[in-house]
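Peer 1: Okay, handing you the structure first.
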Amino acid sequence: MLIINGKLITWGTANQILTDDWGLLIRDGIIQKIAPQSELIKAYPEEEQLDAEGQYVMPGNICAHTHFYGAFSRGLGIPGDAPRTFTEILDKLWWNLDKALDPDGVRYSALVFLVDAIRHGTTTLIDHHASPNTIKNSLDIIADAVNQSGLRASLCYEVTDRDGLEKAEAGIQENLRFIRRIKKNAPPDRNLRAHFGLHASLTLSDGTLERVAELCPEGIGFHIHAAEGEADQEDSLLRSGKRVLHRLDQFGILRPQTILAHGVHLDQGEIELLAERGSWLTHQPRSNMNNAVGVAPIEQMLDAGVRVGMGNDGFLNTMWQEWKTAYLLHKSAHRDPQRMGGYAVRKIAIENNAAMITSIFDGLPVGEISEGAAADLIFVDYSPFTPMSADNLPWHILFGFQESMVTATIVAGKPLMYRRELLTLDEKEIMANALAISKITWEHFRMIANER
């Protein structure tokens with residue numbers, strides 16, 4: 001198809017804002033040509049046309065770390081006293097909620113977050129799943145929901161020893177089974193990839209780490225929480241006498257394809273090790289604030305050459321809100337207005353996230369408008385009342401853009417939303433079913449919490 005009547009924000013290495021008569025030719029999910037609109041219409045008169053109606057056309061947002069399974073936590077009351085520490089939050093909320101999920105809960109937790117992603121212009125997500133009482137085929141349930149939505153995603157199952165060795169082994173096998181599915185590269189799964197999921201050092205024994213390192217296929221990275229809270233470092237020092245990243249590195253976990261989430265409590269030695277190994281680290285400032293775990297040394301990591309991306313840890317797929325939180329949090333925490341400038345936020349959320357997804361999707365350029373790149377695009381109804389250029393665009397996003405301005409979402413050349421109408425998912429039906437199923441999940445949650 002042709003995309004016409006749009007103003008293009010290209011991102012990429014040489015970001016441009018093209019406002020005069022530019023259009024896009026899209027075929028087989030790829031941007032085939034960028035040229036003056038009049039030339040494209042003349043050259044391809046039979047091509048279907050999608051009208052951007054004068055809005056900005058730009059690459060969709062990317063979320064490099066999320067948890068679909070946490071969707072039903074919204075409004076959920078935790079029995080007893082409120083958690084006082086991060087480990088109590090894990091124990092009282094997340095490790096009871098994940099156990100409460102049955103197959104329907106897994107499916108609709110994913111579907112409601114996929115609706116949210118389409119609505120808010122997030123076109124690619126890297127999910128980290130847990131459902132200890134519904135492990136086998138859980139990734140297929142999520143994958144089918146992703147394929148139904150049309151979004152792009154990488155999935156994994158969280159291996160942990162906290163529920164016993166039998167379930168740890170089941171998690172290992174679920175990762176391996178799904179990796180085999182993705183390696184077949186069947187057409188329905190063209191927008192899917194796989195990681196090998198691990199929870200965190202503090203819930204993984206040496207034996208389990210050794211086993212997953214042996215079994216994880218070459219070219220597949222791990223996806224693991226690292227030093228999110230101080231308890232992770234304390235546990236690692238007690239177990240091994242080593243800090244978290246040095247312990248994980250001992251077992252070969254720090255691969256170039258590996259994604260480490262958070263890194264709030266990494267020291268300089270771990271940061272240098274992370275840069276040397278070339279693993280990715282993702283920043284989730286809204287979650288870190290909510291869990292009161294501290295502020296990750298992101299600027300220090302960037303200076304050291306760490307590849308830092310941005311996720312949301314299961315918050316709404318409003319990635320520009322994550323930008324804004326990162327921009328403000330580091331200034332406030334350090335009482336320094338020069339901290340975490342707009343260009344640093346752009347590097348994390350745009351350049352590095354795009355490079356991460358490109359590497360996961362076998363070199364396919366993602367997160368930019370260029371010839372040969374994935375046609376993962378959004379239309380944004382933004383009307384700047386001050387000059388907007390490629391140079392000051394980050395500050396327009398930080399102080400002007402809102403996710404409610406997203407009117408269309410396109411992935412691999414397929415419109416998933418147009419004029420704010422979802423085209424691949426029935427939002428009303430999904431929300432009605434989710435409401436009924438979440439009530440059952442909450443009942444299971446309370447039973448599990450009260451039995452402990």
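Going by the structure tokens order, chains are called A, B, ..., each with residues numbered from 1, while ligands are numbered from 1 in the order shown.
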Compile the contact shell of Pro132 of chain A as an MDAnalysis selection string: residues with an atom at most 9 Å away, counting only C-alpha atoms, same-chain residues fewer than 2 positions apart removed.
Peer 2: chainID A and resid 98:101 130 134:135 163 167:168 170:171
Peer 1: Just list the residues in segment 133-334 of chain A DSSP gives helix (DSSP H, G or I) on the backbone, as a VMD selection string.
Peer 2: chain A and resid 138 to 149 165 to 183 187 to 189 201 to 203 206 to 215 230 to 240 244 to 250 268 to 277 285 to 291 298 to 304 319 to 334
Peer 1: Go ahead and write the selection's residues with C-alpha atoms as a compact mmCIF listing (two decimals), in the first residue's frame.
Peer 2:
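Everything below was put into again_35.txt:
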# COMPACT_ATOMS: atom_id res chain seq x y z
CA SER A 138 1.65 -21.17 28.32
CA LEU A 139 3.90 -19.49 25.76
CA ASP A 140 1.73 -20.87 22.96
CA ILE A 141 -1.32 -19.27 24.57
CA ILE A 142 0.47 -15.90 24.62
CA ALA A 143 1.93 -16.39 21.14
CA ASP A 144 -1.51 -17.07 19.69
CA ALA A 145 -2.80 -13.86 21.29
CA VAL A 146 0.16 -11.91 19.87
CA ASN A 147 -0.44 -13.37 16.41
CA GLN A 148 -4.12 -12.48 16.66
CA SER A 149 -3.21 -8.90 17.55
CA LEU A 165 12.76 -28.41 41.13
CA GLU A 166 9.87 -30.04 39.26
CA LYS A 167 8.40 -26.71 38.24
CA ALA A 168 11.84 -25.31 37.52
CA GLU A 169 12.35 -28.17 35.08
CA ALA A 170 8.90 -27.58 33.57
CA GLY A 171 9.87 -23.94 32.99
CA ILE A 172 13.11 -25.01 31.32
CA GLN A 173 11.25 -27.36 29.01
CA GLU A 174 8.63 -24.70 28.16
CA ASN A 175 11.39 -22.33 27.06
CA LEU A 176 13.09 -25.02 24.98
CA ARG A 177 9.80 -26.14 23.39
CA PHE A 178 8.90 -22.59 22.40
CA ILE A 179 12.39 -21.87 21.08
CA ARG A 180 12.04 -24.93 18.83
CA ARG A 181 8.68 -23.63 17.61
CA ILE A 182 10.18 -20.25 16.71
CA LYS A 183 13.23 -21.79 15.04
CA PRO A 187 4.79 -17.94 8.50
CA PRO A 188 2.23 -17.37 11.28
CA ASP A 189 5.14 -16.70 13.67
CA SER A 201 19.76 -14.73 40.82
CA LEU A 202 18.07 -14.80 44.23
CA THR A 203 15.67 -17.60 43.18
CA ASP A 206 23.89 -22.98 40.94
CA GLY A 207 22.55 -26.27 39.59
CA THR A 208 19.72 -24.61 37.71
CA LEU A 209 21.98 -21.89 36.30
CA GLU A 210 24.45 -24.52 35.13
CA ARG A 211 21.66 -26.55 33.51
CA VAL A 212 20.06 -23.66 31.62
CA ALA A 213 23.44 -22.48 30.37
CA GLU A 214 24.04 -25.96 28.94
CA LEU A 215 20.60 -26.26 27.34
CA GLU A 230 19.34 -4.99 47.25
CA ALA A 231 18.18 -8.47 48.31
CA ASP A 232 19.43 -9.87 45.00
CA GLN A 233 22.98 -8.70 45.77
CA GLU A 234 22.80 -9.86 49.39
CA ASP A 235 21.63 -13.33 48.34
CA SER A 236 24.31 -13.64 45.66
CA LEU A 237 27.08 -12.68 48.08
CA LEU A 238 25.82 -15.24 50.59
CA ARG A 239 25.54 -18.01 47.98
CA SER A 240 28.74 -17.42 46.09
CA VAL A 244 25.00 -10.78 40.96
CA LEU A 245 26.54 -10.16 37.53
CA HIS A 246 29.77 -11.91 38.42
CA ARG A 247 27.75 -14.90 39.62
CA LEU A 248 25.64 -14.98 36.45
CA ASP A 249 28.74 -14.58 34.31
CA GLN A 250 30.29 -17.62 35.97
CA GLN A 268 31.16 -0.07 38.76
CA GLY A 269 32.82 -3.46 38.38
CA GLU A 270 29.55 -5.05 37.29
CA ILE A 271 28.86 -2.18 34.89
CA GLU A 272 32.26 -2.67 33.27
CA LEU A 273 31.66 -6.43 33.05
CA LEU A 274 28.26 -5.82 31.43
CA ALA A 275 29.81 -3.50 28.85
CA GLU A 276 32.53 -6.05 28.13
CA ARG A 277 30.05 -8.90 27.64
CA PRO A 285 11.79 3.96 35.99
CA ARG A 286 8.05 3.88 36.76
CA SER A 287 8.38 0.40 38.26
CA ASN A 288 11.54 1.28 40.20
CA MET A 289 9.73 4.26 41.75
CA ASN A 290 6.65 2.16 42.56
CA ASN A 291 8.72 -0.56 44.23
CA ILE A 298 21.86 4.57 33.86
CA GLU A 299 24.06 7.50 32.85
CA GLN A 300 27.07 5.74 34.38
CA MET A 301 26.18 2.68 32.31
CA LEU A 302 25.86 4.67 29.11
CA ASP A 303 29.23 6.31 29.75
CA ALA A 304 30.76 2.84 30.19
CA MET A 319 6.18 4.41 26.48
CA TRP A 320 6.34 8.20 26.20
CA GLN A 321 5.29 8.24 29.87
CA GLU A 322 8.32 6.04 30.57
CA TRP A 323 10.45 8.65 28.74
CA LYS A 324 9.06 11.40 30.91
CA THR A 325 9.56 9.47 34.13
CA ALA A 326 13.19 8.71 33.27
CA TYR A 327 13.80 12.34 32.34
CA LEU A 328 12.41 13.62 35.67
CA LEU A 329 13.42 10.85 38.08
CA HIS A 330 17.18 11.18 37.61
CA LYS A 331 17.05 14.97 37.91
CA SER A 332 15.03 14.76 41.10
CA ALA A 333 17.00 11.94 42.69
CA HIS A 334 20.35 13.69 42.11
Peer 1: I need the residue nearest Gly77 of chain A from this list: A:Ala349, A:Ala374, A:Pro45, A:Lys92. Use only C-alpha atoms for the distance.
Peer 2: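 So, comparing all the options, the nearest one is A:Lys92.
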Peer 1: Give me the residues near segment 280-284 of chain A as number ranges by chain, where near means some atom within 7 Å (using only C-alpha atoms) and where sequence neighbours in that chain fewer than 5 positions away do not count.
Peer 2: A: 64-65, 258-262, 307-313
Peer 1: Hey, can you spit out that residue selection with N, CA and C atoms as an mmCIF file, in the first residue's frame?
Peer 2:
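The result, stored in part.cif:
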data_model
loop_
_atom_site.group_PDB
_atom_site.id
_atom_site.type_symbol
_atom_site.label_atom_id
_atom_site.label_comp_id
_atom_site.auth_asym_id
_atom_site.auth_seq_id
_atom_site.Cartn_x
_atom_site.Cartn_y
_atom_site.Cartn_z
ATOM 1 N N ALA A 64 11.022 -2.946 25.831
ATOM 2 C CA ALA A 64 12.054 -3.981 25.887
ATOM 3 C C ALA A 64 11.964 -4.893 27.105
ATOM 4 N N HIS A 65 11.019 -4.644 28.007
ATOM 5 C CA HIS A 65 10.819 -5.556 29.147
ATOM 6 C C HIS A 65 9.442 -5.307 29.730
ATOM 7 N N THR A 258 21.548 -11.546 25.626
ATOM 8 C CA THR A 258 20.848 -11.562 26.912
ATOM 9 C C THR A 258 20.328 -10.181 27.272
ATOM 10 N N ILE A 259 19.130 -10.168 27.894
ATOM 11 C CA ILE A 259 18.531 -8.933 28.404
ATOM 12 C C ILE A 259 18.456 -9.023 29.921
ATOM 13 N N LEU A 260 19.077 -8.064 30.587
ATOM 14 C CA LEU A 260 19.015 -7.942 32.042
ATOM 15 C C LEU A 260 18.078 -6.783 32.372
ATOM 16 N N ALA A 261 17.095 -7.025 33.210
ATOM 17 C CA ALA A 261 16.149 -5.975 33.566
ATOM 18 C C ALA A 261 16.569 -5.295 34.863
ATOM 19 N N HIS A 262 16.560 -3.984 34.860
ATOM 20 C CA HIS A 262 16.700 -3.092 36.019
ATOM 21 C C HIS A 262 18.138 -2.691 36.329
ATOM 22 N N ARG A 307 24.811 -1.266 26.715
ATOM 23 C CA ARG A 307 23.680 -1.108 25.801
ATOM 24 C C ARG A 307 22.383 -1.088 26.634
ATOM 25 N N VAL A 308 21.894 0.111 26.919
ATOM 26 C CA VAL A 308 20.729 0.294 27.785
ATOM 27 C C VAL A 308 19.502 0.558 26.928
ATOM 28 N N GLY A 309 18.441 -0.222 27.152
ATOM 29 C CA GLY A 309 17.156 -0.004 26.510
ATOM 30 C C GLY A 309 16.104 0.380 27.529
ATOM 31 N N MET A 310 14.862 0.487 27.072
ATOM 32 C CA MET A 310 13.777 0.925 27.962
ATOM 33 C C MET A 310 12.586 -0.021 27.867
ATOM 34 N N GLY A 311 12.085 -0.417 29.038
ATOM 35 C CA GLY A 311 10.878 -1.230 29.125
ATOM 36 C C GLY A 311 9.864 -0.553 30.019
ATOM 37 N N ASN A 312 8.839 -1.320 30.421
ATOM 38 C CA ASN A 312 7.844 -0.746 31.341
ATOM 39 C C ASN A 312 7.511 -1.659 32.517
ATOM 40 N N ASP A 313 8.029 -2.897 32.531
ATOM 41 C CA ASP A 313 7.853 -3.820 33.654
ATOM 42 C C ASP A 313 6.383 -4.108 33.950
#
Peer 1: With only C-alpha atoms as the counted atoms, please give the residues lying no more than 8 Å from Met417 of chain A, apart from itself and same-chain residues fewer than 5 positions off, as a PyMOL selection string.
Peer 2: chain A and resi 118-119+407-410+422-424
Peer 1: Using only C-alpha atoms, determine which residues lie at most 9 Å from Gln257 of chain A, disregarding the query and same-chain residues fewer than 6 positions distant; provide the list as a list in words.
Peer 2: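 Counting only C-alpha atoms, the residues come to His195, Gly219, Ile220, Gly221, Phe222, His223, Gly278, Ser279, Trp280, Met356, Ser359 and Ile360 of chain A.
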Peer 1: For a quick check of understanding, using only C-alpha atoms, which of A:Leu76, A:Ile397, A:Ala227, A:Arg84 has the smallest distance to Val345 of chain A?
Peer 2: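 Of the candidates, the smallest distance to Val345 of chain A is held by A:Ile397.
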Peer 1: Using only C-alpha atoms, determine which residues lie at most 12 Å from Tyr44 of chain A, disregarding the query and same-chain residues fewer than 5 positions distant; provide the list as a ChimeraX atom specification.
Peer 2: /A:1-3,23-27,33,35,37-39,49
Peer 1: Write to file, as a PDB file, in the first residue's frame, the residues of the selection just made, with C-alpha atoms.
Peer 2:
ATOM      1  CA  MET A   1       0.000   0.000   0.000  1.00  0.00           C
ATOM      2  CA  LEU A   2       0.888   3.665  -0.105  1.00  0.00           C
ATOM      3  CA  ILE A   3       0.828   5.871   2.975  1.00  0.00           C
ATOM      4  CA  GLY A  23       4.904   9.189   1.037  1.00  0.00           C
ATOM      5  CA  LEU A  24       5.754   5.552   1.673  1.00  0.00           C
ATOM      6  CA  LEU A  25       5.400   2.442  -0.451  1.00  0.00           C
ATOM      7  CA  ILE A  26       4.957  -0.669   1.701  1.00  0.00           C
ATOM      8  CA  ARG A  27       5.122  -4.239   0.426  1.00  0.00           C
ATOM      9  CA  LYS A  33      10.311   3.265  -1.068  1.00  0.00           C
ATOM     10  CA  ALA A  35       9.590   9.360  -2.236  1.00  0.00           C
ATOM     11  CA  GLN A  37       3.861  11.442  -2.684  1.00  0.00           C
ATOM     12  CA  SER A  38       2.957  12.676  -6.159  1.00  0.00           C
ATOM     13  CA  GLU A  39       5.618  10.429  -7.710  1.00  0.00           C
ATOM     14  CA  GLN A  49      -3.786   4.103  -0.183  1.00  0.00           C
TER      15      GLN A  49
END
